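Below is run.cif, which holds mmCIF, C-alpha atoms.
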data_query
loop_
_atom_site.group_PDB
_atom_site.id
_atom_site.type_symbol
_atom_site.label_atom_id
_atom_site.label_comp_id
_atom_site.auth_asym_id
_atom_site.auth_seq_id
_atom_site.Cartn_x
_atom_site.Cartn_y
_atom_site.Cartn_z
ATOM 1 C CA MET M 1 -11.840 -6.711 -5.720
ATOM 2 C CA PRO M 2 -14.452 -5.164 -8.042
ATOM 3 C CA ARG M 3 -16.685 -2.516 -6.618
ATOM 4 C CA TYR M 4 -20.412 -3.147 -6.316
ATOM 5 C CA LYS M 5 -23.074 -0.473 -6.425
ATOM 6 C CA THR M 6 -24.872 0.025 -3.104
ATOM 7 C CA TYR M 7 -28.607 0.640 -3.476
ATOM 8 C CA SER M 8 -29.558 1.089 0.167
ATOM 9 C CA ARG M 9 -28.292 0.832 3.738
ATOM 10 C CA SER M 10 -30.345 -0.142 6.764
ATOM 11 C CA THR M 11 -30.012 -1.980 10.067
ATOM 12 C CA ILE M 12 -31.591 -5.164 11.366
ATOM 13 C CA THR M 13 -31.625 -6.398 14.969
ATOM 14 C CA VAL M 14 -30.942 -10.077 15.579
ATOM 15 C CA SER M 15 -30.640 -11.437 19.139
ATOM 16 C CA GLY M 16 -30.017 -7.925 20.423
ATOM 17 C CA LEU M 17 -27.297 -7.129 17.874
ATOM 18 C CA GLU M 18 -27.668 -4.299 15.397
ATOM 19 C CA ILE M 19 -26.354 -5.412 12.021
ATOM 20 C CA GLN M 20 -25.816 -3.129 9.032
ATOM 21 C CA VAL M 21 -27.495 -4.350 5.838
ATOM 22 C CA HIS M 22 -26.115 -3.135 2.501
ATOM 23 C CA ARG M 23 -28.196 -3.989 -0.558
ATOM 24 C CA LYS M 24 -25.887 -4.286 -3.568
ATOM 25 C CA ASN M 25 -25.728 -5.815 -7.028
ATOM 26 C CA VAL M 26 -24.226 -9.025 -5.618
ATOM 27 C CA LYS M 27 -25.423 -12.610 -5.995
ATOM 28 C CA ASN M 28 -24.722 -13.934 -2.494
ATOM 29 C CA LEU M 29 -25.031 -12.827 1.125
ATOM 30 C CA ASN M 30 -21.639 -11.790 2.456
ATOM 31 C CA LEU M 31 -21.069 -11.353 6.187
ATOM 32 C CA ARG M 32 -18.257 -9.336 7.771
ATOM 33 C CA VAL M 33 -17.452 -8.804 11.447
ATOM 34 C CA TYR M 34 -15.209 -5.973 12.691
ATOM 35 C CA PRO M 35 -14.222 -6.712 16.318
ATOM 36 C CA SER M 36 -12.192 -3.509 16.739
ATOM 37 C CA LYS M 37 -15.201 -1.389 15.747
ATOM 38 C CA LYS M 38 -17.808 -3.711 17.267
ATOM 39 C CA GLU M 39 -19.611 -3.669 13.926
ATOM 40 C CA VAL M 40 -21.304 -6.326 11.825
ATOM 41 C CA LYS M 41 -22.146 -5.788 8.171
ATOM 42 C CA VAL M 42 -23.880 -7.975 5.627
ATOM 43 C CA SER M 43 -24.034 -7.350 1.876
ATOM 44 C CA VAL M 44 -27.132 -8.816 0.240
ATOM 45 C CA PRO M 45 -28.667 -8.929 -3.258
ATOM 46 C CA LYS M 46 -30.794 -5.892 -4.088
ATOM 47 C CA ARG M 47 -34.095 -7.767 -3.970
ATOM 48 C CA ALA M 48 -33.368 -10.255 -1.178
ATOM 49 C CA PRO M 49 -36.418 -10.524 1.130
ATOM 50 C CA ASP M 50 -36.013 -9.408 4.741
ATOM 51 C CA SER M 51 -36.982 -12.892 5.967
ATOM 52 C CA LEU M 52 -34.067 -14.444 4.063
ATOM 53 C CA ILE M 53 -31.629 -11.917 5.554
ATOM 54 C CA TYR M 54 -32.941 -12.425 9.093
ATOM 55 C CA ASN M 55 -32.806 -16.227 8.868
ATOM 56 C CA PHE M 56 -29.290 -16.080 7.410
ATOM 57 C CA LEU M 57 -28.056 -13.905 10.289
ATOM 58 C CA ALA M 58 -29.950 -15.842 12.950
ATOM 59 C CA SER M 59 -28.332 -19.095 11.797
ATOM 60 C CA ARG M 60 -24.901 -17.522 12.266
ATOM 61 C CA ILE M 61 -25.528 -15.474 15.395
ATOM 62 C CA LEU M 62 -23.271 -17.596 17.653
ATOM 63 C CA TRP M 63 -20.419 -17.322 15.153
ATOM 64 C CA ILE M 64 -20.999 -13.560 14.881
ATOM 65 C CA LYS M 65 -20.924 -13.035 18.651
ATOM 66 C CA LYS M 66 -17.815 -15.193 19.012
ATOM 67 C CA HIS M 67 -15.878 -13.170 16.434
ATOM 68 C CA LEU M 68 -17.307 -9.859 17.564
ATOM 69 C CA ASN M 69 -15.851 -10.418 21.031
ATOM 70 C CA ARG M 70 -12.490 -11.572 19.747
ATOM 71 C CA THR M 71 -9.625 -9.318 20.778
ATOM 72 C CA SER M 72 -6.351 -9.004 18.969
ATOM 73 C CA THR M 73 -3.280 -10.449 20.654
ATOM 74 C CA LYS M 74 -1.045 -8.051 18.772
ATOM 75 C CA PRO M 75 -0.066 -4.808 20.471
ATOM 76 C CA GLU M 76 -1.155 -1.672 18.669
ATOM 77 C CA ALA M 77 1.598 -0.132 16.599
ATOM 78 C CA PRO M 78 2.787 3.168 18.077
ATOM 79 C CA THR M 79 2.000 6.330 16.147
ATOM 80 C CA PRO M 80 5.113 7.210 14.130
ATOM 81 C CA THR M 81 6.741 10.477 15.110
ATOM 82 C CA PHE M 82 8.825 10.901 11.935
ATOM 83 C CA LYS M 83 11.858 12.036 13.893
ATOM 84 C CA THR M 84 15.506 11.131 13.449
ATOM 85 C CA GLY M 85 16.058 7.538 14.524
ATOM 86 C CA ASP M 86 12.561 6.318 13.659
ATOM 87 C CA ALA M 87 12.222 3.115 11.621
ATOM 88 C CA VAL M 88 10.531 3.363 8.213
ATOM 89 C CA GLN M 89 9.551 0.531 5.892
ATOM 90 C CA VAL M 90 10.395 0.616 2.178
ATOM 91 C CA TRP M 91 9.895 -2.465 -0.056
ATOM 92 C CA GLY M 92 10.190 -4.784 2.922
ATOM 93 C CA ASP M 93 13.372 -3.236 4.307
ATOM 94 C CA THR M 94 13.564 -1.400 7.624
ATOM 95 C CA LEU M 95 15.419 1.887 7.211
ATOM 96 C CA LYS M 96 16.551 4.438 9.766
ATOM 97 C CA LEU M 97 15.096 7.912 9.300
ATOM 98 C CA ASP M 98 17.428 10.899 9.349
ATOM 99 C CA ILE M 99 15.975 14.418 9.381
ATOM 100 C CA ILE M 100 17.850 17.320 7.799
ATOM 101 C CA PHE M 101 16.506 20.864 8.208
ATOM 102 C CA LYS M 102 17.053 23.238 5.277
ATOM 103 C CA GLU M 103 15.214 26.248 3.918
ATOM 104 C CA GLN M 104 14.696 24.409 0.657
ATOM 105 C CA ALA M 105 11.982 22.350 -0.976
ATOM 106 C CA PRO M 106 11.425 19.077 0.887
ATOM 107 C CA LYS M 107 12.792 15.862 -0.567
ATOM 108 C CA VAL M 108 13.495 12.257 0.311
ATOM 109 C CA PHE M 109 16.516 10.184 -0.672
ATOM 110 C CA LEU M 110 18.068 6.888 0.349
ATOM 111 C CA LYS M 111 21.657 6.175 1.361
ATOM 112 C CA ASP M 112 23.642 2.990 0.922
ATOM 113 C CA ASP M 113 23.927 2.566 4.699
ATOM 114 C CA GLY M 114 20.205 1.821 5.059
ATOM 115 C CA THR M 115 19.169 5.369 5.927
ATOM 116 C CA MET M 116 16.253 7.357 4.552
ATOM 117 C CA THR M 117 17.036 11.062 4.644
ATOM 118 C CA LEU M 118 14.121 13.481 4.855
ATOM 119 C CA GLN M 119 15.034 17.062 4.044
ATOM 120 C CA ILE M 120 12.455 19.515 5.383
ATOM 121 C CA ARG M 121 12.136 23.106 6.446
ATOM 122 C CA PRO M 122 12.385 23.917 10.185
ATOM 123 C CA GLY M 123 9.030 23.730 11.901
ATOM 124 C CA THR M 124 7.556 21.135 9.534
ATOM 125 C CA SER M 125 4.802 19.288 11.421
ATOM 126 C CA ARG M 126 4.606 15.551 11.975
ATOM 127 C CA ILE M 127 1.603 15.332 9.645
ATOM 128 C CA LYS M 128 3.452 17.166 6.882
ATOM 129 C CA ARG M 129 6.495 14.917 7.322
ATOM 130 C CA GLU M 130 4.275 11.882 6.887
ATOM 131 C CA GLN M 131 2.696 13.403 3.775
ATOM 132 C CA ILE M 132 6.105 14.048 2.202
ATOM 133 C CA ILE M 133 7.242 10.471 2.814
ATOM 134 C CA ASN M 134 3.932 9.059 1.552
ATOM 135 C CA GLU M 135 4.192 11.082 -1.648
ATOM 136 C CA TRP M 136 7.690 9.725 -2.139
ATOM 137 C CA LEU M 137 6.417 6.182 -1.606
ATOM 138 C CA ARG M 138 3.571 6.849 -4.051
ATOM 139 C CA ALA M 139 6.092 7.971 -6.668
ATOM 140 C CA GLN M 140 8.091 4.755 -6.165
ATOM 141 C CA MET M 141 4.972 2.673 -6.753
ATOM 142 C CA LYS M 142 3.931 4.657 -9.821
ATOM 143 C CA GLU M 143 7.328 3.967 -11.314
ATOM 144 C CA GLU M 144 7.045 0.201 -10.807
ATOM 145 C CA ILE M 145 3.353 -0.498 -11.486
ATOM 146 C CA PRO M 146 3.490 0.209 -15.270
ATOM 147 C CA LYS M 147 6.305 -2.333 -15.572
ATOM 148 C CA LEU M 148 4.166 -4.984 -13.880
ATOM 149 C CA ILE M 149 1.125 -4.179 -15.999
ATOM 150 C CA ALA M 150 3.215 -4.342 -19.170
ATOM 151 C CA LYS M 151 4.602 -7.692 -18.027
ATOM 152 C CA TRP M 152 1.236 -9.292 -17.312
ATOM 153 C CA GLU M 153 -1.041 -7.858 -20.025
ATOM 154 C CA PRO M 154 0.296 -10.151 -22.786
ATOM 155 C CA GLU M 155 0.438 -13.111 -20.402
ATOM 156 C CA MET M 156 -3.200 -12.690 -19.374
ATOM 157 C CA GLY M 157 -4.666 -11.264 -22.569
ATOM 158 C CA VAL M 158 -6.202 -8.239 -20.846
ATOM 159 C CA LYS M 159 -5.752 -4.474 -21.065
ATOM 160 C CA VAL M 160 -5.508 -2.060 -18.137
ATOM 161 C CA ASN M 161 -6.578 1.434 -19.178
ATOM 162 C CA GLU M 162 -5.557 3.216 -16.001
ATOM 163 C CA PHE M 163 -4.082 2.641 -12.565
ATOM 164 C CA GLY M 164 -3.795 4.656 -9.374
ATOM 165 C CA VAL M 165 -2.312 4.569 -5.883
ATOM 166 C CA LYS M 166 -4.199 5.661 -2.789
ATOM 167 C CA ARG M 167 -4.528 4.913 0.887
ATOM 168 C CA MET M 168 -7.257 2.372 1.604
ATOM 169 C CA LYS M 169 -8.675 1.349 4.952
ATOM 170 C CA THR M 170 -9.856 -2.157 4.083
ATOM 171 C CA ARG M 171 -8.329 -3.361 0.801
ATOM 172 C CA TRP M 172 -4.925 -3.973 -0.721
ATOM 173 C CA GLY M 173 -6.358 -3.273 -4.156
ATOM 174 C CA THR M 174 -9.549 -2.749 -6.139
ATOM 175 C CA CYS M 175 -10.623 -3.094 -9.761
ATOM 176 C CA ASN M 176 -13.161 -1.105 -11.765
ATOM 177 C CA ILE M 177 -14.026 -3.661 -14.419
ATOM 178 C CA ARG M 178 -16.073 -1.347 -16.620
ATOM 179 C CA ASP M 179 -13.316 1.262 -16.916
ATOM 180 C CA LYS M 180 -10.502 -1.315 -16.686
ATOM 181 C CA ARG M 181 -8.899 0.698 -13.900
ATOM 182 C CA ILE M 182 -7.015 -0.764 -10.955
ATOM 183 C CA TRP M 183 -6.123 0.900 -7.662
ATOM 184 C CA LEU M 184 -3.363 -0.220 -5.322
ATOM 185 C CA ASN M 185 -2.973 0.549 -1.638
ATOM 186 C CA LEU M 186 -0.091 2.868 -0.791
ATOM 187 C CA GLU M 187 0.766 0.499 2.072
ATOM 188 C CA LEU M 188 2.207 -1.920 -0.501
ATOM 189 C CA ALA M 189 5.247 0.345 -0.906
ATOM 190 C CA LYS M 190 6.277 -0.788 2.575
ATOM 191 C CA ARG M 191 6.064 -4.473 1.653
ATOM 192 C CA ARG M 192 8.320 -6.734 -0.364
ATOM 193 C CA PRO M 193 7.913 -6.079 -4.111
ATOM 194 C CA GLU M 194 6.387 -9.515 -4.697
ATOM 195 C CA PHE M 195 3.319 -8.480 -2.685
ATOM 196 C CA MET M 196 2.611 -5.612 -5.066
ATOM 197 C CA GLU M 197 2.977 -7.948 -8.047
ATOM 198 C CA TYR M 198 0.541 -10.380 -6.414
ATOM 199 C CA VAL M 199 -2.045 -7.613 -5.926
ATOM 200 C CA VAL M 200 -1.544 -6.323 -9.495
ATOM 201 C CA VAL M 201 -2.131 -9.816 -10.865
ATOM 202 C CA HIS M 202 -5.138 -10.274 -8.579
ATOM 203 C CA GLU M 203 -6.796 -7.087 -9.806
ATOM 204 C CA MET M 204 -6.000 -7.854 -13.441
ATOM 205 C CA VAL M 205 -7.572 -11.315 -13.100
ATOM 206 C CA HIS M 206 -10.807 -9.516 -12.248
ATOM 207 C CA LEU M 207 -10.820 -8.358 -15.873
ATOM 208 C CA LEU M 208 -11.241 -12.046 -16.748
ATOM 209 C CA GLU M 209 -13.559 -13.002 -13.878
ATOM 210 C CA ARG M 210 -15.506 -10.494 -11.791
ATOM 211 C CA LEU M 211 -16.209 -12.701 -8.781
ATOM 212 C CA HIS M 212 -13.990 -14.486 -6.277
ATOM 213 C CA ASN M 213 -15.067 -17.948 -7.392
ATOM 214 C CA ASP M 214 -13.419 -21.196 -8.506
ATOM 215 C CA ARG M 215 -12.772 -19.791 -11.975
ATOM 216 C CA PHE M 216 -11.078 -16.726 -10.509
ATOM 217 C CA TYR M 217 -8.759 -18.738 -8.269
ATOM 218 C CA ALA M 218 -7.978 -21.133 -11.128
ATOM 219 C CA TYR M 219 -6.735 -18.129 -13.099
ATOM 220 C CA MET M 220 -4.690 -16.978 -10.105
ATOM 221 C CA THR M 221 -3.045 -20.394 -9.816
ATOM 222 C CA LEU M 222 -2.359 -20.467 -13.538
ATOM 223 C CA PHE M 223 -0.715 -17.048 -13.648
ATOM 224 C CA TYR M 224 0.753 -16.678 -10.150
ATOM 225 C CA PRO M 225 1.030 -20.098 -8.443
ATOM 226 C CA LYS M 226 2.531 -18.775 -5.199
ATOM 227 C CA TRP M 227 -0.424 -16.476 -4.507
ATOM 228 C CA PRO M 228 -1.849 -18.527 -1.564
ATOM 229 C CA SER M 229 1.260 -18.086 0.590
ATOM 230 C CA LEU M 230 1.487 -14.365 -0.177
ATOM 231 C CA ARG M 231 -2.205 -13.890 0.562
ATOM 232 C CA LYS M 232 -1.845 -15.723 3.871
ATOM 233 C CA GLU M 233 1.146 -13.595 4.847
ATOM 234 C CA LEU M 234 -0.618 -10.343 3.965
ATOM 235 C CA LYS M 235 -3.734 -11.295 5.888
ATOM 236 C CA GLY M 236 -1.767 -12.626 8.837
ATOM 237 C CA ASP M 237 0.220 -9.541 9.791
ATOM 238 C CA HIS M 238 -2.060 -6.652 8.902
ATOM 239 C CA PRO M 239 -5.661 -5.615 9.687
ATOM 240 C CA LEU M 240 -6.391 -4.924 6.020
ATOM 241 C CA GLN M 241 -8.667 -7.427 4.320
ATOM 242 C CA ASP M 242 -7.914 -9.173 1.056
ATOM 243 C CA CYS M 243 -7.758 -7.621 -2.395
#
Any chance you could give the structure as structure tokens?
Amino acid sequence: MPRYKTYSRSTITVSGLEIQVHRKNVKNLNLRVYPSKKEVKVSVPKRAPDSLIYNFLASRILWIKKHLNRTSTKPEAPTPTFKTGDAVQVWGDTLKLDIIFKEQAPKVFLKDDGTMTLQIRPGTSRIKREQIINEWLRAQMKEEIPKLIAKWEPEMGVKVNEFGVKRMKTRWGTCNIRDKRIWLNLELAKRRPEFMEYVVVHEMVHLLERLHNDRFYAYMTLFYPKWPSLRKELKGDHPLQDC
């Protein structure tokens, strides 16, 4: 999704609820509810009058309260320990982690028996183990993303100047339209490869259409017809929002 400049942040109280108001260079009012954080945010056009914002929120206050009190039925995933025997996800496959201690530079490699071997120095912390694996996953993505961009640029008639991989809390991908730069979430390295291709196509379509509107989704259907099922699957099993 393209990024929008935020001009100001404030709060408004509606029926006893404090709601965060972000004034941005957007055309419509966009409401988001975060049950886990007990937060409500609304993005509004820069010059939208306060009365319009209040009436918009007041008309949706029952819906807001309903979703704000919704609790997830899914158990929270345990914090990974990154010890021998742990399960790790790579391109949709579940691998068994095997730790090898050596006084050498750390490295990660895969075996044909479905094992990921992590070679580390004795005393390496859990956090450092996670960082090493994440950097390995990042390298895997950076090897594959250029191939996808090269595949889709001629198909779509657009040019991507730069791409990057980073951890994101709310998005699978983002697009900076002005600089023609796309970012992909590191989490995609754990998913089936087709999910990463879907997100790459999604972000590249933003170079043709900035907004998520009918024109945008028409492009998505033209270039990547199976996108609705992939989008539904991504949104259905992970707390991250859409692209």
Using only C-alpha atoms, which residues sit within 9 Å of Glu130 of chain M once same-chain residues fewer than 3 positions away are excluded, as a ChimeraX atom specification? /M:80-82,125-127,133-135
With only C-alpha atoms as the atoms that count, which of M:Gly173, M:Gly92, M:Pro35, M:Pro49 lies nearest to Asn69 of chain M? M:Pro35
Atom CA of Arg167 of chain M to atom CA of Ala189 of chain M: how many Å, to one decimal?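 Taking atom CA of Arg167 of chain M and atom CA of Ala189 of chain M, their separation equals 10.9 Å.
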Fewer than 6 positions away in the same chain doesn't count, so skip those; otherwise give me all residues within 9 Å of Leu148 of chain M, counting only C-alpha atoms, as a PDB file with C-alpha atoms, in the frame of the given file.
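This is the output file part33.pdb:
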ATOM      1  CA  MET M 196       2.611  -5.612  -5.066  1.00  0.00           C
ATOM      2  CA  GLU M 197       2.977  -7.948  -8.047  1.00  0.00           C
ATOM      3  CA  VAL M 200      -1.544  -6.323  -9.495  1.00  0.00           C
ATOM      4  CA  VAL M 201      -2.131  -9.816 -10.865  1.00  0.00           C
TER       5      VAL M 201
END
For a quick check of understanding, using all atoms listed in the file, which of M:Leu57, M:Leu52, M:Leu207, M:Ile19 has the smallest distance to Glu153 of chain M?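 Among M:Leu57, M:Leu52, M:Leu207, M:Ile19, it is M:Leu207 that comes nearest to Glu153 of chain M.
Reported to one decimal place, the separation of atom CA of Arg138 of chain M from atom CA of Thr84 of chain M is 21.6 Å.
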So which residues touch Arg9 of chain M within 10 Å, counting only C-alpha atoms, skipping near sequence neighbours fewer than 6 positions away, as a list in words?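 Non-adjacent residues within range: Gln20, Val21, His22, Arg23, Lys24 and Ser43 of chain M.
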Quick one: pull the distance between atom CA of Leu211 of chain M and atom CA of Glu233 of chain M, Å, one decimal.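 So the answer is 22.1 Å.
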Given all atoms listed in the file as the counted atoms, nearest of M:Glu194, M:Glu209, M:Glu39, M:Asp113 to Glu144 of chain M: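 When distances to Glu144 of chain M are compared using all atoms listed in the file, the smallest one comes from M:Glu194.
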Let me know the residues the PyMOL selection byres ((chain M and resi 223) around 9) catches in the file above, as a PDB file with C-alpha atoms, in the coordinates of the input.
ATOM      1  CA  TRP M 152       1.236  -9.292 -17.312  1.00  0.00           C
ATOM      2  CA  GLU M 155       0.438 -13.111 -20.402  1.00  0.00           C
ATOM      3  CA  MET M 156      -3.200 -12.690 -19.374  1.00  0.00           C
ATOM      4  CA  VAL M 201      -2.131  -9.816 -10.865  1.00  0.00           C
ATOM      5  CA  VAL M 205      -7.572 -11.315 -13.100  1.00  0.00           C
ATOM      6  CA  ALA M 218      -7.978 -21.133 -11.128  1.00  0.00           C
ATOM      7  CA  TYR M 219      -6.735 -18.129 -13.099  1.00  0.00           C
ATOM      8  CA  MET M 220      -4.690 -16.978 -10.105  1.00  0.00           C
ATOM      9  CA  THR M 221      -3.045 -20.394  -9.816  1.00  0.00           C
ATOM     10  CA  LEU M 222      -2.359 -20.467 -13.538  1.00  0.00           C
ATOM     11  CA  TYR M 224       0.753 -16.678 -10.150  1.00  0.00           C
ATOM     12  CA  PRO M 225       1.030 -20.098  -8.443  1.00  0.00           C
TER      13      PRO M 225
END
Nearby residues (all atoms listed in the file) at most 12 Å from Leu137 of chain M, same-chain spacing under 3 positions excluded, as a list in words: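 Counting all atoms listed in the file, the residues come to Val88, Gln89, Val90, Trp91, Lys107, Val108, Phe109, Leu110, Met116, Glu130, Gln131, Ile132, Ile133, Asn134, Gln140, Met141, Lys142, Glu143, Glu144, Val165, Lys166, Arg167, Asn185, Leu186, Glu187, Leu188, Ala189, Lys190 and Arg191 of chain M.
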Of M:Lys151, M:Lys111, M:Lys102, M:Lys83, the one sitting nearest Arg129 of chain M when using all atoms listed in the file is M:Lys83
Ranking M:Met204, M:Ala58, M:Arg210, M:Trp63 by minimum distance to Pro154 of chain M and counting all atoms listed in the file, which one comes first? M:Met204
Among the residues M:Asp112, M:Thr11, M:Asp93, M:Pro106, the one that comes closest to Trp136 of chain M [using only C-alpha atoms]: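 Looking at the shortest contact to Trp136 of chain M, the residue is M:Pro106.
When the PyMOL selection byres ((chain M and resi 162-164) around 6) is evaluated on the file shown here, the picked residues come out as Val160, Asn161, Val165, Arg181, Ile182 and Trp183 of chain M.
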Could you pull the residues within 9 Å of Gly85 of chain M, counting only C-alpha atoms, minus those fewer than 2 positions along the same chain, as a list in words?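 Listing them by chain and then by number gives Phe82, Lys83, Ala87, Lys96, Leu97, Asp98 and Ile99 of chain M.
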Provide segment 205-228 of chain M rebuilt to N, CA and C atoms, formatted as a PDB file, keeping the file's coordinate frame.
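Full text of out-v5.pdb as output:
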ATOM      1  N   VAL M 205      -6.760 -10.110 -12.893  1.00  0.00           N
ATOM      2  CA  VAL M 205      -7.572 -11.315 -13.100  1.00  0.00           C
ATOM      3  C   VAL M 205      -9.053 -10.974 -13.041  1.00  0.00           C
ATOM      4  N   HIS M 206      -9.398  -9.921 -12.288  1.00  0.00           N
ATOM      5  CA  HIS M 206     -10.807  -9.516 -12.248  1.00  0.00           C
ATOM      6  C   HIS M 206     -11.295  -9.053 -13.613  1.00  0.00           C
ATOM      7  N   LEU M 207     -10.412  -8.712 -14.506  1.00  0.00           N
ATOM      8  CA  LEU M 207     -10.820  -8.358 -15.873  1.00  0.00           C
ATOM      9  C   LEU M 207     -11.198  -9.606 -16.669  1.00  0.00           C
ATOM     10  N   LEU M 208     -10.842 -10.773 -16.141  1.00  0.00           N
ATOM     11  CA  LEU M 208     -11.241 -12.046 -16.748  1.00  0.00           C
ATOM     12  C   LEU M 208     -12.417 -12.674 -16.017  1.00  0.00           C
ATOM     13  N   GLU M 209     -12.478 -12.447 -14.698  1.00  0.00           N
ATOM     14  CA  GLU M 209     -13.559 -13.002 -13.878  1.00  0.00           C
ATOM     15  C   GLU M 209     -13.880 -12.024 -12.758  1.00  0.00           C
ATOM     16  N   ARG M 210     -15.110 -11.540 -12.741  1.00  0.00           N
ATOM     17  CA  ARG M 210     -15.506 -10.494 -11.791  1.00  0.00           C
ATOM     18  C   ARG M 210     -15.517 -10.991 -10.348  1.00  0.00           C
ATOM     19  N   LEU M 211     -15.985 -12.205 -10.133  1.00  0.00           N
ATOM     20  CA  LEU M 211     -16.209 -12.701  -8.781  1.00  0.00           C
ATOM     21  C   LEU M 211     -15.020 -13.493  -8.249  1.00  0.00           C
ATOM     22  N   HIS M 212     -14.963 -13.607  -6.917  1.00  0.00           N
ATOM     23  CA  HIS M 212     -13.990 -14.486  -6.277  1.00  0.00           C
ATOM     24  C   HIS M 212     -14.588 -15.887  -6.228  1.00  0.00           C
ATOM     25  N   ASN M 213     -14.489 -16.609  -7.316  1.00  0.00           N
ATOM     26  CA  ASN M 213     -15.067 -17.948  -7.392  1.00  0.00           C
ATOM     27  C   ASN M 213     -13.990 -18.935  -7.845  1.00  0.00           C
ATOM     28  N   ASP M 214     -14.389 -20.168  -8.117  1.00  0.00           N
ATOM     29  CA  ASP M 214     -13.419 -21.196  -8.506  1.00  0.00           C
ATOM     30  C   ASP M 214     -12.687 -20.803  -9.787  1.00  0.00           C
ATOM     31  N   ARG M 215     -13.398 -20.200 -10.710  1.00  0.00           N
ATOM     32  CA  ARG M 215     -12.772 -19.791 -11.975  1.00  0.00           C
ATOM     33  C   ARG M 215     -11.710 -18.726 -11.726  1.00  0.00           C
ATOM     34  N   PHE M 216     -12.030 -17.784 -10.838  1.00  0.00           N
ATOM     35  CA  PHE M 216     -11.078 -16.726 -10.509  1.00  0.00           C
ATOM     36  C   PHE M 216      -9.801 -17.317  -9.917  1.00  0.00           C
ATOM     37  N   TYR M 217      -9.936 -18.193  -8.934  1.00  0.00           N
ATOM     38  CA  TYR M 217      -8.759 -18.738  -8.269  1.00  0.00           C
ATOM     39  C   TYR M 217      -7.998 -19.704  -9.169  1.00  0.00           C
ATOM     40  N   ALA M 218      -8.682 -20.310 -10.138  1.00  0.00           N
ATOM     41  CA  ALA M 218      -7.978 -21.133 -11.128  1.00  0.00           C
ATOM     42  C   ALA M 218      -7.072 -20.252 -11.980  1.00  0.00           C
ATOM     43  N   TYR M 219      -7.568 -19.083 -12.356  1.00  0.00           N
ATOM     44  CA  TYR M 219      -6.735 -18.129 -13.099  1.00  0.00           C
ATOM     45  C   TYR M 219      -5.533 -17.698 -12.251  1.00  0.00           C
ATOM     46  N   MET M 220      -5.777 -17.406 -10.975  1.00  0.00           N
ATOM     47  CA  MET M 220      -4.690 -16.978 -10.105  1.00  0.00           C
ATOM     48  C   MET M 220      -3.593 -18.054 -10.031  1.00  0.00           C
ATOM     49  N   THR M 221      -4.016 -19.303  -9.896  1.00  0.00           N
ATOM     50  CA  THR M 221      -3.045 -20.394  -9.816  1.00  0.00           C
ATOM     51  C   THR M 221      -2.299 -20.569 -11.127  1.00  0.00           C
ATOM     52  N   LEU M 222      -2.990 -20.357 -12.225  1.00  0.00           N
ATOM     53  CA  LEU M 222      -2.359 -20.467 -13.538  1.00  0.00           C
ATOM     54  C   LEU M 222      -1.288 -19.400 -13.726  1.00  0.00           C
ATOM     55  N   PHE M 223      -1.629 -18.156 -13.386  1.00  0.00           N
ATOM     56  CA  PHE M 223      -0.715 -17.048 -13.648  1.00  0.00           C
ATOM     57  C   PHE M 223       0.312 -16.823 -12.531  1.00  0.00           C
ATOM     58  N   TYR M 224      -0.106 -17.025 -11.288  1.00  0.00           N
ATOM     59  CA  TYR M 224       0.753 -16.678 -10.150  1.00  0.00           C
ATOM     60  C   TYR M 224       0.625 -17.758  -9.084  1.00  0.00           C
ATOM     61  N   PRO M 225       1.245 -18.922  -9.308  1.00  0.00           N
ATOM     62  CA  PRO M 225       1.030 -20.098  -8.443  1.00  0.00           C
ATOM     63  C   PRO M 225       1.305 -19.875  -6.954  1.00  0.00           C
ATOM     64  N   LYS M 226       2.198 -18.945  -6.620  1.00  0.00           N
ATOM     65  CA  LYS M 226       2.531 -18.775  -5.199  1.00  0.00           C
ATOM     66  C   LYS M 226       1.588 -17.821  -4.480  1.00  0.00           C
ATOM     67  N   TRP M 227       0.473 -17.463  -5.113  1.00  0.00           N
ATOM     68  CA  TRP M 227      -0.424 -16.476  -4.507  1.00  0.00           C
ATOM     69  C   TRP M 227      -0.966 -16.902  -3.140  1.00  0.00           C
ATOM     70  N   PRO M 228      -1.270 -18.197  -2.879  1.00  0.00           N
ATOM     71  CA  PRO M 228      -1.849 -18.527  -1.564  1.00  0.00           C
ATOM     72  C   PRO M 228      -0.945 -18.154  -0.394  1.00  0.00           C
TER      73      PRO M 228
END
